[in-house]
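What's in data_17.cif: mmCIF, C-alpha atoms
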```
data_target
loop_
_atom_site.label_atom_id
_atom_site.label_comp_id
_atom_site.auth_asym_id
_atom_site.auth_seq_id
_atom_site.Cartn_x
_atom_site.Cartn_y
_atom_site.Cartn_z
CA MET A 1095 -0.28 1.51 -4.03
CA ILE A 1096 3.09 -0.08 -4.63
CA PHE A 1097 5.07 3.07 -5.24
CA ASN A 1098 5.94 5.54 -2.54
CA THR A 1099 4.58 9.01 -2.82
CA GLY A 1100 7.18 11.40 -1.57
CA ALA A 1101 6.38 14.70 0.05
CA ALA A 1102 7.06 16.53 -3.21
CA LEU A 1103 4.55 14.47 -5.13
CA LEU A 1104 2.00 14.89 -2.38
CA ASP A 1105 2.54 18.66 -2.45
CA ALA A 1106 2.10 18.57 -6.21
CA ILE A 1107 -1.15 16.62 -5.98
CA VAL A 1108 -2.56 18.95 -3.34
CA LEU A 1109 -1.56 22.03 -5.32
CA ALA A 1110 -3.15 20.56 -8.44
CA VAL A 1111 -6.38 19.77 -6.58
CA VAL A 1112 -6.56 23.25 -5.07
CA SER A 1113 -5.68 24.96 -8.34
CA ARG A 1114 -8.66 23.39 -10.06
CA GLU A 1115 -10.92 25.66 -7.99
CA PRO A 1116 -10.31 29.28 -8.89
CA GLU A 1117 -12.35 30.36 -5.87
CA GLY A 1118 -10.48 28.04 -3.56
CA THR A 1119 -11.65 24.96 -1.73
CA TYR A 1120 -11.74 23.64 1.84
CA GLY A 1121 -9.93 20.98 3.80
CA TYR A 1122 -12.52 18.24 3.78
CA LYS A 1123 -13.07 18.51 0.06
CA ILE A 1124 -9.36 18.56 -0.68
CA THR A 1125 -8.91 15.44 1.41
CA GLN A 1126 -11.70 13.60 -0.36
CA GLU A 1127 -10.39 14.57 -3.77
CA VAL A 1128 -6.83 13.61 -3.00
CA ARG A 1129 -8.10 10.33 -1.58
CA GLN A 1130 -9.60 9.50 -4.94
CA ILE A 1131 -6.09 9.50 -6.35
CA ILE A 1132 -3.91 8.05 -3.61
CA GLU A 1133 -4.45 6.25 -0.37
CA LEU A 1134 -4.28 8.72 2.42
CA SER A 1135 -5.38 8.85 6.00
CA GLU A 1136 -7.76 11.58 7.05
CA SER A 1137 -5.14 13.27 9.15
CA THR A 1138 -2.39 13.50 6.55
CA LEU A 1139 -3.36 16.65 4.78
CA TYR A 1140 -3.40 19.13 7.63
CA PRO A 1141 0.39 19.20 7.96
CA VAL A 1142 0.71 19.38 4.17
CA LEU A 1143 -1.67 22.33 3.89
CA ARG A 1144 0.10 23.99 6.76
CA ARG A 1145 3.45 23.59 5.05
CA LEU A 1146 2.17 24.87 1.73
CA MET A 1147 0.74 27.87 3.53
CA ARG A 1148 4.01 28.52 5.25
CA ASP A 1149 5.80 28.32 1.91
CA GLU A 1150 3.27 30.83 0.56
CA CYS A 1151 2.05 28.40 -2.07
CA LEU A 1152 -1.44 28.58 -0.62
CA GLU A 1153 -3.39 31.35 1.01
CA VAL A 1154 -6.41 31.02 3.22
CA TYR A 1155 -9.55 33.05 3.72
CA ASP A 1156 -12.70 32.44 5.68
CA VAL A 1157 -16.11 32.22 4.10
CA GLU A 1158 -19.33 32.36 6.03
CA CYS A 1159 -21.20 29.17 5.35
CA GLY A 1160 -24.35 28.05 7.11
CA GLY A 1161 -23.79 30.20 10.18
CA ARG A 1162 -20.14 29.34 10.62
CA ASN A 1163 -16.86 30.21 9.07
CA ARG A 1164 -15.27 27.80 6.70
CA ARG A 1165 -11.60 28.12 5.85
CA TYR A 1166 -10.85 28.14 2.15
CA TYR A 1167 -7.50 27.41 0.57
CA LYS A 1168 -6.52 29.11 -2.62
CA ILE A 1169 -3.43 28.80 -4.75
CA THR A 1170 -1.06 31.78 -4.89
CA PRO A 1171 1.02 32.88 -7.89
CA ARG A 1172 3.97 31.30 -6.19
CA GLY A 1173 1.97 28.11 -5.72
CA SER A 1174 1.05 28.12 -9.40
CA ALA A 1175 4.68 28.50 -10.35
CA GLN A 1176 5.59 25.69 -8.02
CA LEU A 1177 2.87 23.50 -9.50
CA LYS A 1178 4.16 24.24 -12.99
CA LEU A 1179 7.61 23.15 -11.92
CA TYR A 1180 6.23 19.98 -10.39
CA GLU A 1181 4.27 19.22 -13.52
CA ALA A 1182 7.27 19.71 -15.79
CA GLU A 1183 9.40 17.65 -13.48
CA TRP A 1184 6.81 14.90 -13.34
CA THR A 1185 6.44 14.79 -17.11
CA ARG A 1186 10.17 14.51 -17.50
CA TYR A 1187 10.57 11.94 -14.78
CA SER A 1188 7.62 9.75 -15.62
CA GLY A 1189 8.53 9.99 -19.31
CA LYS A 1190 11.96 8.62 -18.54
CA ILE A 1191 10.56 5.76 -16.50
CA THR A 1192 7.98 4.94 -19.13
CA GLY A 1193 10.63 5.10 -21.83
CA MET A 1194 12.78 2.72 -19.88
CA PHE A 1195 9.90 0.29 -19.36
CA GLU A 1196 9.22 0.38 -23.06
CA GLY A 1197 12.74 -0.64 -23.89
CA GLY A 1198 14.82 2.42 -24.69
CA VAL A 1199 17.10 2.83 -21.69
CA GLY A 1200 18.66 6.25 -21.48
CA ARG A 1201 17.70 7.29 -24.98
CA MET B 539 -15.42 8.76 22.27
CA ASN B 540 -17.75 11.39 20.92
CA ARG B 541 -16.77 14.47 19.05
CA MET B 542 -16.81 16.81 21.99
CA ASN B 543 -14.58 14.61 24.11
CA PHE B 544 -12.33 14.04 21.15
CA MET B 545 -11.82 17.73 20.47
CA ASP B 546 -11.41 18.58 24.14
CA ARG B 547 -8.78 15.92 24.49
CA LEU B 548 -7.03 17.14 21.35
CA ALA B 549 -7.03 20.71 22.62
CA ALA B 550 -5.58 19.56 25.92
CA LEU B 551 -2.86 17.57 24.14
CA LEU B 552 -1.90 20.58 22.06
CA SER B 553 -1.99 23.01 24.95
CA ASP B 554 1.75 23.58 24.91
CA LEU B 555 1.77 24.67 21.27
CA PRO B 556 1.74 28.35 20.36
CA GLU B 557 -1.77 29.68 20.70
CA ASP B 558 -2.29 30.39 16.98
CA GLU B 559 -1.00 26.97 15.92
CA ARG B 560 -3.31 25.24 18.33
CA ARG B 561 -6.33 27.28 17.32
CA GLU B 562 -5.55 26.69 13.68
CA ALA B 563 -5.40 22.92 14.09
CA ILE B 564 -8.52 22.76 16.25
CA GLU B 565 -10.44 24.91 13.80
CA TYR B 566 -9.27 22.82 10.89
CA TYR B 567 -10.53 19.60 12.42
CA ASN B 568 -13.72 21.25 13.63
CA ASP B 569 -14.33 22.41 10.07
CA TYR B 570 -13.40 19.00 8.82
CA LEU B 571 -15.97 17.28 11.01
CA ASN B 572 -18.61 19.85 10.15
CA ASP B 573 -17.98 19.35 6.45
CA ALA B 574 -18.01 15.59 6.78
CA GLY B 575 -21.54 15.94 8.14
CA VAL B 576 -23.17 14.59 11.26
CA GLU B 577 -23.96 11.28 9.60
CA ASN B 578 -20.29 10.58 8.89
CA GLU B 579 -19.03 11.91 12.17
CA GLY B 580 -18.36 8.59 13.84
CA GLU B 581 -16.62 7.22 10.81
CA VAL B 582 -14.37 10.25 10.41
CA LEU B 583 -13.54 10.32 14.11
CA ALA B 584 -12.54 6.69 13.88
CA ALA B 585 -10.46 7.39 10.77
CA LEU B 586 -8.64 10.22 12.51
CA GLY B 587 -7.40 7.76 15.11
CA THR B 588 -7.02 8.62 18.74
CA PRO B 589 -6.57 12.24 19.82
CA GLU B 590 -3.04 11.29 20.79
CA GLU B 591 -2.25 10.09 17.28
CA LEU B 592 -3.80 13.14 15.72
CA ALA B 593 -1.91 15.45 18.05
CA ALA B 594 1.29 13.65 17.12
CA SER B 595 0.62 14.18 13.42
CA ILE B 596 -0.07 17.87 13.99
CA ARG B 597 3.12 18.22 15.98
CA GLU B 598 5.13 16.46 13.34
CA GLY B 599 3.71 18.80 10.77
CA LEU B 600 5.02 21.70 12.82
CA GLN B 601 8.44 20.19 13.23
CA ASP B 602 8.35 19.84 9.51
CA ALA B 603 9.72 23.35 9.41
CA GLN B 604 12.91 21.92 10.78
CA GLY B 605 12.87 19.13 8.29
CA GLN B 606 10.70 16.08 8.57
CA GLN B 607 8.76 14.20 6.06
CA GLY B 608 6.28 11.47 5.69
CA VAL B 609 6.33 8.66 3.23
CA PHE B 610 3.60 6.90 1.39
CA SER B 611 3.88 3.22 0.93
CA GLU B 612 1.57 0.33 0.27
CA ASP B 613 0.05 0.67 3.70
CA GLY B 614 -0.71 4.34 3.53
CA PHE B 615 0.99 7.42 4.80
CA ARG B 616 3.65 7.29 7.42
CA THR B 617 5.36 10.17 9.04
CA GLY B 618 8.94 9.52 9.81
CA SER B 619 11.56 11.59 11.53
CA ARG B 620 13.73 11.52 8.47
CA ALA B 621 15.10 14.79 7.35
CA ARG B 622 13.56 16.19 4.24
CA GLY B 623 15.53 16.37 1.06
CA ASN B 624 16.23 19.87 -0.02
CA GLU B 625 12.99 21.58 -0.45
CA LEU B 626 11.58 21.73 -3.91
CA ALA B 627 9.10 24.25 -2.72
CA ALA B 628 9.67 27.84 -3.52
CA ARG B 629 12.90 29.32 -2.39
CA PRO B 630 13.71 32.95 -2.81
CA GLY B 631 14.78 33.57 -6.36
CA SER B 632 13.19 30.47 -7.82
CA GLY B 633 10.31 31.96 -9.65
CA GLN B 634 8.46 30.83 -12.75
CA GLY B 635 9.86 29.24 -15.84
CA ARG B 636 12.90 27.73 -14.34
CA GLY B 637 12.32 24.38 -15.88
CA GLU B 638 15.43 23.85 -17.90
CA THR B 639 17.73 26.79 -17.39
CA ALA B 640 20.79 26.44 -15.28
CA GLY B 641 20.88 29.99 -14.04
CA THR B 642 17.61 29.97 -12.17
CA ALA B 643 18.24 26.60 -10.70
CA ASP B 644 21.49 27.61 -9.12
CA PRO B 645 20.14 29.56 -6.16
CA ARG B 646 18.24 26.53 -5.07
CA ALA B 647 21.16 24.24 -5.62
CA ALA B 648 23.12 26.57 -3.45
CA ALA B 649 20.33 26.91 -0.96
CA GLY B 650 19.87 23.17 -0.81
CA PRO B 651 22.66 21.90 1.36
CA GLY B 652 22.40 24.81 3.71
CA ASN B 653 18.68 24.39 4.05
CA GLY B 654 17.59 23.17 7.45
CA MET B 655 19.15 20.00 8.65
CA PRO B 656 21.08 18.04 6.11
CA GLY B 657 19.42 14.67 5.91
CA PRO B 658 21.47 11.69 6.88
CA GLU B 659 20.53 9.65 3.85
CA GLU B 660 20.34 12.60 1.64
CA ARG B 661 23.75 13.00 0.21
CA THR B 662 25.26 9.66 0.91
CA GLY B 663 26.47 7.48 -1.94
CA PRO B 664 26.95 10.16 -4.57
CA ALA B 665 26.48 7.87 -7.53
CA GLY B 666 23.86 5.69 -5.98
CA GLY B 667 20.78 7.19 -7.48
CA THR B 668 22.10 8.96 -10.49
CA ALA B 669 20.08 6.82 -12.81
CA PHE B 670 17.38 9.44 -12.60
CA ASP B 671 19.69 12.33 -13.23
CA ARG B 672 19.82 14.07 -16.48
CA THR B 673 22.77 12.95 -18.53
CA GLU B 674 21.83 14.86 -21.64
CA GLY B 675 20.77 11.66 -23.28
CA LYS B 676 24.21 10.47 -24.28
CA PRO B 677 24.52 6.75 -23.91
CA ARG B 678 27.47 6.08 -21.71
CA ASP B 679 28.71 3.08 -19.89
CA GLY B 680 28.81 2.66 -16.14
CA GLU B 681 31.65 4.80 -14.81
CA ALA B 682 31.40 7.49 -17.44
CA GLN B 683 27.71 7.85 -16.85
CA ARG B 684 28.24 8.27 -13.16
CA SER B 685 30.72 11.04 -13.39
CA GLY B 686 28.74 12.54 -16.21
CA ALA B 687 25.67 12.58 -14.07
CA GLN B 688 27.55 14.25 -11.31
CA GLU B 689 28.78 16.92 -13.63
CA ALA B 690 25.31 17.35 -14.92
CA ARG B 691 24.15 17.91 -11.39
CA GLY B 692 26.48 20.79 -10.97
CA ALA B 693 25.52 22.29 -14.28
CA ASP B 694 21.81 21.85 -14.62
CA GLY B 695 21.51 21.28 -10.97
CA GLY B 696 18.50 21.90 -8.92
CA HIS B 697 15.40 20.02 -9.34
CA SER B 698 16.40 16.68 -10.75
CA ARG B 699 18.79 16.29 -7.90
CA ASP B 700 16.17 17.49 -5.51
CA LEU B 701 13.67 14.86 -6.50
CA ASN B 702 16.38 12.34 -6.64
CA GLY B 703 17.59 13.05 -3.18
CA ARG B 704 14.11 12.89 -1.87
CA TYR B 705 13.28 9.65 -3.54
CA ARG B 706 16.38 8.14 -2.13
CA GLY B 707 15.60 9.61 1.23
CA ASN B 708 12.27 7.88 1.18
CA LYS B 709 13.78 4.56 0.42
CA GLY B 710 16.10 4.70 3.37
CA GLY B 711 13.95 3.78 6.30
CA LYS B 712 11.31 1.33 5.29
CA HIS B 713 12.79 -0.26 2.24
CA MET B 714 15.75 -2.49 1.68
CA SER B 715 19.03 -1.16 0.48
CA GLY B 716 20.74 -2.49 -2.61
CA GLY B 717 23.10 -4.57 -0.53
CA MET B 718 20.25 -6.18 1.32
CA ILE B 719 18.52 -7.07 -1.94
CA ALA B 720 21.74 -8.49 -3.35
CA LEU B 721 22.15 -10.56 -0.21
CA LEU B 722 18.62 -11.86 -0.54
CA VAL B 723 19.21 -12.75 -4.18
CA VAL B 724 22.37 -14.68 -3.27
CA LEU B 725 20.49 -16.42 -0.49
CA ALA B 726 17.70 -17.29 -2.86
CA VAL B 727 20.18 -18.74 -5.35
CA PHE B 728 21.73 -20.91 -2.68
CA ALA B 729 18.38 -21.90 -1.35
CA LEU B 730 17.06 -22.80 -4.79
CA PRO B 731 17.96 -26.52 -4.64
CA VAL B 732 16.31 -26.76 -1.24
CA ILE B 733 13.23 -24.90 -2.47
CA ILE B 734 12.97 -27.17 -5.49
CA ALA B 735 13.43 -30.27 -3.36
CA VAL B 736 10.80 -29.12 -0.91
CA GLY B 737 8.51 -28.23 -3.79
CA ILE B 738 8.87 -31.65 -5.37
CA GLY B 739 8.35 -33.26 -1.97
CA LEU B 740 5.17 -31.28 -1.37
CA LEU B 741 3.92 -32.07 -4.86
CA THR B 742 4.57 -35.77 -4.36
CA ALA B 743 2.83 -35.67 -1.00
CA LEU B 744 -0.17 -34.01 -2.61
CA VAL B 745 -0.34 -36.60 -5.38
CA VAL B 746 -0.01 -39.46 -2.91
CA LEU B 747 -2.73 -37.98 -0.74
CA ALA B 748 -5.00 -37.60 -3.73
CA LEU B 749 -4.34 -41.19 -4.85
CA ALA B 750 -4.95 -42.45 -1.33
CA ALA B 751 -8.21 -40.54 -1.17
CA ILE B 752 -9.35 -42.02 -4.47
CA PHE B 753 -8.26 -45.50 -3.35
CA PHE B 754 -10.18 -45.21 -0.10
CA ALA B 755 -13.21 -43.88 -1.88
CA VAL B 756 -13.21 -46.86 -4.24
CA VAL B 757 -12.64 -49.33 -1.41
CA PHE B 758 -15.42 -47.87 0.68
CA LEU B 759 -17.75 -47.78 -2.29
CA PHE B 760 -17.04 -51.43 -3.02
CA GLY B 761 -17.42 -52.21 0.66
CA GLY B 762 -20.81 -50.57 0.68
CA VAL B 763 -21.97 -52.35 -2.44
CA ILE B 764 -20.72 -55.69 -1.14
CA LEU B 765 -22.44 -55.12 2.20
CA ILE B 766 -25.73 -54.42 0.42
CA CYS B 767 -25.38 -57.48 -1.80
CA ALA B 768 -24.43 -59.74 1.11
CA GLY B 769 -27.33 -58.38 3.11
CA LEU B 770 -29.76 -59.06 0.27
CA ILE B 771 -28.47 -62.65 -0.23
CA CYS B 772 -28.59 -63.29 3.50
CA LEU B 773 -32.11 -61.90 3.60
CA ALA B 774 -33.24 -64.17 0.81
CA ALA B 775 -31.63 -67.17 2.51
CA SER B 776 -33.28 -66.38 5.84
CA VAL B 777 -36.70 -65.92 4.21
CA ALA B 778 -36.25 -69.38 2.69
CA LYS B 779 -35.41 -70.82 6.12
CA LEU B 780 -38.21 -68.93 7.88
CA ALA B 781 -40.55 -71.91 8.00
CA ALA B 782 -37.93 -74.42 9.17
CA PHE B 783 -36.07 -72.36 11.82
CA PRO B 784 -38.16 -69.30 12.58
CA ALA B 785 -35.97 -67.96 15.41
CA ALA B 786 -32.66 -68.33 13.59
CA ALA B 787 -34.19 -66.98 10.39
CA LEU B 788 -35.48 -63.87 12.19
CA LEU B 789 -32.06 -63.32 13.72
CA SER B 790 -30.31 -63.60 10.38
CA MET B 791 -32.97 -61.37 8.79
CA GLY B 792 -32.17 -58.72 11.36
CA ILE B 793 -28.49 -59.04 10.62
CA SER B 794 -29.21 -58.80 6.89
CA PHE B 795 -31.17 -55.58 7.37
CA LEU B 796 -28.33 -54.20 9.46
CA CYS B 797 -25.92 -55.13 6.68
CA ILE B 798 -28.05 -53.49 4.01
CA GLY B 799 -28.46 -50.37 6.12
CA CYS B 800 -24.73 -50.08 6.73
CA GLY B 801 -24.06 -50.63 3.03
CA ILE B 802 -26.50 -47.94 1.97
CA PHE B 803 -25.06 -45.54 4.51
CA LEU B 804 -21.51 -46.22 3.37
CA THR B 805 -22.40 -45.78 -0.29
CA LEU B 806 -24.27 -42.56 0.32
CA ALA B 807 -21.50 -41.21 2.52
CA ILE B 808 -18.88 -41.97 -0.13
CA GLY B 809 -21.10 -40.47 -2.77
CA TRP B 810 -21.39 -37.30 -0.72
CA VAL B 811 -17.67 -37.11 -0.03
CA VAL B 812 -16.78 -37.64 -3.68
CA THR B 813 -19.25 -35.14 -5.06
CA LYS B 814 -19.24 -32.46 -2.38
CA LEU B 815 -16.00 -32.62 -0.48
CA PHE B 816 -13.39 -33.57 -3.07
CA PRO B 817 -13.89 -30.99 -5.81
CA PRO B 818 -13.25 -27.95 -3.59
CA LEU B 819 -10.33 -29.69 -1.92
CA PHE B 820 -8.82 -30.51 -5.27
CA ARG B 821 -9.45 -27.00 -6.48
CA LYS B 822 -7.71 -25.58 -3.45
CA ALA B 823 -4.76 -27.88 -3.84
CA ALA B 824 -4.50 -27.01 -7.53
CA ASN B 825 -4.64 -23.30 -6.76
CA GLY B 826 -1.98 -23.70 -4.12
CA VAL B 827 0.32 -25.49 -6.51
CA ARG B 828 -0.35 -22.94 -9.21
CA ALA B 829 0.41 -20.05 -6.86
CA ALA B 830 3.60 -21.69 -5.69
CA VAL B 831 4.75 -22.27 -9.25
CA ARG B 832 3.94 -18.71 -10.24
CA ARG B 833 5.84 -17.32 -7.30
CA LYS B 834 8.93 -19.07 -8.51
#
```
I'd like the structure from this file rewritten - as structure tokens, please.
Amino acid sequence: MIFNTGAALLDAIVLAVVSREPEGTYGYKITQEVRQIIELSESTLYPVLRRLMRDECLEVYDVECGGRNRRYYKITPRGSAQLKLYEAEWTRYSGKITGMFEGGVGR
Amino acid sequence: MNRMNFMDRLAALLSDLPEDERREAIEYYNDYLNDAGVENEGEVLAALGTPEELAASIREGLQDAQGQQGVFSEDGFRTGSRARGNELAARPGSGQGRGETAGTADPRAAAGPGNGMPGPEERTGPAGGTAFDRTEGKPRDGEAQRSGAQEARGADGGHSRDLNGRYRGNKGGKHMSGGMIALLVVLAVFALPVIIAVGIGLLTALVVLALAAIFFAVVFLFGGVILICAGLICLAASVAKLAAFPAAALLSMGISFLCIGCGIFLTLAIGWVVTKLFPPLFRKAANGVRAAVRRK
């Protein structure tokens, strides 16, 4: 990818991926889904998930699965609000860029 | 390194972290490997890098609380020790529906500068990145737009500036500054005559080489044909002389055969070179020239 993905955009993508699963989803699956969108090393998402948890945008719970516990991540109301903000911001921002590419600078 | 060694090493490397942080990270990667499945285990372990690298990424994630961020670029994700821009993520008092209103954005605008460590790149060059700021759509010219954007920051504040600051922050380390780009452009302009001269020189050299190759091919082909013809004539002559001077005739017959053989070999070799070797070479040269022209 040519364009940098800043931490905010990465947060937004992760929140969007997690929010698609009302019951929550787990680390490996999140990683694979995010990797379908942007290039990402396998070890990138742990710090991101950690941060989103700390900011109370995500909550975790353990689910018994095949004799072991699997940690699930689920979006919180605060996370949803944050995602909404990101989405609005992205629409505005990308709209401006697209508008500029298509010829109407600053209009 | 197998999974067990990997995880043991990782645990050892993280041993100075708080107990819950360490357990959390270890569990996460244990889960991760379990979910990847036994058949992908080797691949995932390789993708995770060495335990040292992984431990470093976990640590950096923890320091993130004090303001660090990674950057994506063409070659994947990179964690840098740059300070984060002010956090877009939820701050107290920044609830839902604060898209456009100034009032709800203010707490964050206020919280921004005081939040964690102020990034070194973050607030430098006040007008540098204002192109992305909201200017309420009024077309203005350079200076006016700048100050307008700054005013707009104060008024409708928060998130546009946030993103902006962060985007600029990202550019800082890996990418060139405006000055650097300008310098390169100036350099390129000055270097243009040289580049053109070199380009023409290379093109000429290519053409000359191609002409020489064709010339040699023709010469060798003619040489081969001539050798064959001479050999055949010589052979005929020696057959005619066979009765009169048997020894000399045999000798010249041998020479004729040698001639014919060499001629056939030369012709075939040239044929092979022309049909098999030249087309790809020419194609490559043409592609090279095309690429060079396109780059300009």
Nearest to Arg828 in chain B, restricted to all atoms listed in the file and choosing among B:Val757, B:Leu741, B:Leu555, B:Ile808, comes out as B:Leu741
Could you write out as a ChimeraX atom specification the residues that the PyMOL selection byres ((chain A) within 9 of (chain B)) matches in the shown file? /A:1095-1102,1104-1105,1120-1123,1132-1138,1140-1142,1144-1146,1148-1151,1163-1165,1172-1176,1178-1180,1182-1183,1187,1190-1191,1199-1201
Next, dump the selected residues to file, keeping only C-alpha atoms, as a short mmCIF file (atom, residue, chain, number, x, y, z; two decimals), keeping the file's coordinate frame.
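This went into selection07.cif:
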```
data_model
loop_
_atom_site.label_atom_id
_atom_site.label_comp_id
_atom_site.auth_asym_id
_atom_site.auth_seq_id
_atom_site.Cartn_x
_atom_site.Cartn_y
_atom_site.Cartn_z
CA MET A 1095 -0.28 1.51 -4.03
CA ILE A 1096 3.09 -0.08 -4.63
CA PHE A 1097 5.07 3.07 -5.24
CA ASN A 1098 5.94 5.54 -2.54
CA THR A 1099 4.58 9.01 -2.82
CA GLY A 1100 7.18 11.40 -1.57
CA ALA A 1101 6.38 14.70 0.05
CA ALA A 1102 7.06 16.53 -3.21
CA LEU A 1104 2.00 14.89 -2.38
CA ASP A 1105 2.54 18.66 -2.45
CA TYR A 1120 -11.74 23.64 1.84
CA GLY A 1121 -9.93 20.98 3.80
CA TYR A 1122 -12.52 18.24 3.78
CA LYS A 1123 -13.07 18.51 0.06
CA ILE A 1132 -3.91 8.05 -3.61
CA GLU A 1133 -4.45 6.25 -0.37
CA LEU A 1134 -4.28 8.72 2.42
CA SER A 1135 -5.38 8.85 6.00
CA GLU A 1136 -7.76 11.58 7.05
CA SER A 1137 -5.14 13.27 9.15
CA THR A 1138 -2.39 13.50 6.55
CA TYR A 1140 -3.40 19.13 7.63
CA PRO A 1141 0.39 19.20 7.96
CA VAL A 1142 0.71 19.38 4.17
CA ARG A 1144 0.10 23.99 6.76
CA ARG A 1145 3.45 23.59 5.05
CA LEU A 1146 2.17 24.87 1.73
CA ARG A 1148 4.01 28.52 5.25
CA ASP A 1149 5.80 28.32 1.91
CA GLU A 1150 3.27 30.83 0.56
CA CYS A 1151 2.05 28.40 -2.07
CA ASN A 1163 -16.86 30.21 9.07
CA ARG A 1164 -15.27 27.80 6.70
CA ARG A 1165 -11.60 28.12 5.85
CA ARG A 1172 3.97 31.30 -6.19
CA GLY A 1173 1.97 28.11 -5.72
CA SER A 1174 1.05 28.12 -9.40
CA ALA A 1175 4.68 28.50 -10.35
CA GLN A 1176 5.59 25.69 -8.02
CA LYS A 1178 4.16 24.24 -12.99
CA LEU A 1179 7.61 23.15 -11.92
CA TYR A 1180 6.23 19.98 -10.39
CA ALA A 1182 7.27 19.71 -15.79
CA GLU A 1183 9.40 17.65 -13.48
CA TYR A 1187 10.57 11.94 -14.78
CA LYS A 1190 11.96 8.62 -18.54
CA ILE A 1191 10.56 5.76 -16.50
CA VAL A 1199 17.10 2.83 -21.69
CA GLY A 1200 18.66 6.25 -21.48
CA ARG A 1201 17.70 7.29 -24.98
#
```
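Nearest to Lys1168 in chain A of all the residues A:Thr1192, A:Leu1103, A:Thr1119, A:Val1111 is A:Thr1119, based on only C-alpha atoms.
One distance worth recording is that between CA of Tyr1167 in chain A and CA of Leu1152 in chain A, which is 6.3 Å.
Using all atoms listed in the file, the smallest distance between any of B:Leu773, B:Leu804, B:Glu590, B:Cys767 and Phe754 in chain B comes from B:Leu804.
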Considering all atoms listed in the file, can you say which of A:Met1147, A:Ile1107, A:Arg1186, A:Glu1115 comes closest to Val1128 in chain A?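 Between A:Met1147, A:Ile1107, A:Arg1186, A:Glu1115, the residue approaching Val1128 in chain A most closely is A:Ile1107.
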Test item: residues at most 10 Å from Gly809 in chain B, all atoms listed in the file, excluding those fewer than 4 positions along its chain, as number ranges by chain: B: 755, 758-759, 803-805, 813-815
Separation of CA of Phe816 in chain B and CA of Thr742 in chain B, in Å?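 The value is 18.1 Å.
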As a check of understanding, name the residues that the PyMOL selection byres ((chain B and resi 549) around 9) selects in the supplied structure, as a PyMOL selection string. chain B and resi 544-548+550-553+560-561+563-564+589+593
Can you write out the residues you just picked, keeping C-alpha atoms, as a JSON list (two decimals), in the coordinates of the input?
```
[["chain", "number", "residue", "atom", "x", "y", "z"],
["B", 544, "PHE", "CA", -12.33, 14.04, 21.15],
["B", 545, "MET", "CA", -11.82, 17.73, 20.47],
["B", 546, "ASP", "CA", -11.41, 18.58, 24.14],
["B", 547, "ARG", "CA", -8.78, 15.92, 24.49],
["B", 548, "LEU", "CA", -7.03, 17.14, 21.35],
["B", 550, "ALA", "CA", -5.58, 19.56, 25.92],
["B", 551, "LEU", "CA", -2.86, 17.57, 24.14],
["B", 552, "LEU", "CA", -1.90, 20.58, 22.06],
["B", 553, "SER", "CA", -1.99, 23.01, 24.95],
["B", 560, "ARG", "CA", -3.31, 25.24, 18.33],
["B", 561, "ARG", "CA", -6.33, 27.28, 17.32],
["B", 563, "ALA", "CA", -5.40, 22.92, 14.09],
["B", 564, "ILE", "CA", -8.52, 22.76, 16.25],
["B", 589, "PRO", "CA", -6.57, 12.24, 19.82],
["B", 593, "ALA", "CA", -1.91, 15.45, 18.05]]
```
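Pairwise distance (CA of Asp554 in chain B, CA of Thr1125 in chain A) equals 27.1 Å.
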Evaluate the PyMOL selection byres ((chain B and resi 799) around 12) and report residues as a list in words: Gly762, Val763, Ile764, Leu765, Ile766, Cys767, Ala768, Gly769, Leu770, Gly792, Ile793, Ser794, Phe795, Leu796, Cys797, Ile798, Cys800, Gly801, Ile802, Phe803, Leu804, Thr805 and Leu806 of chain B
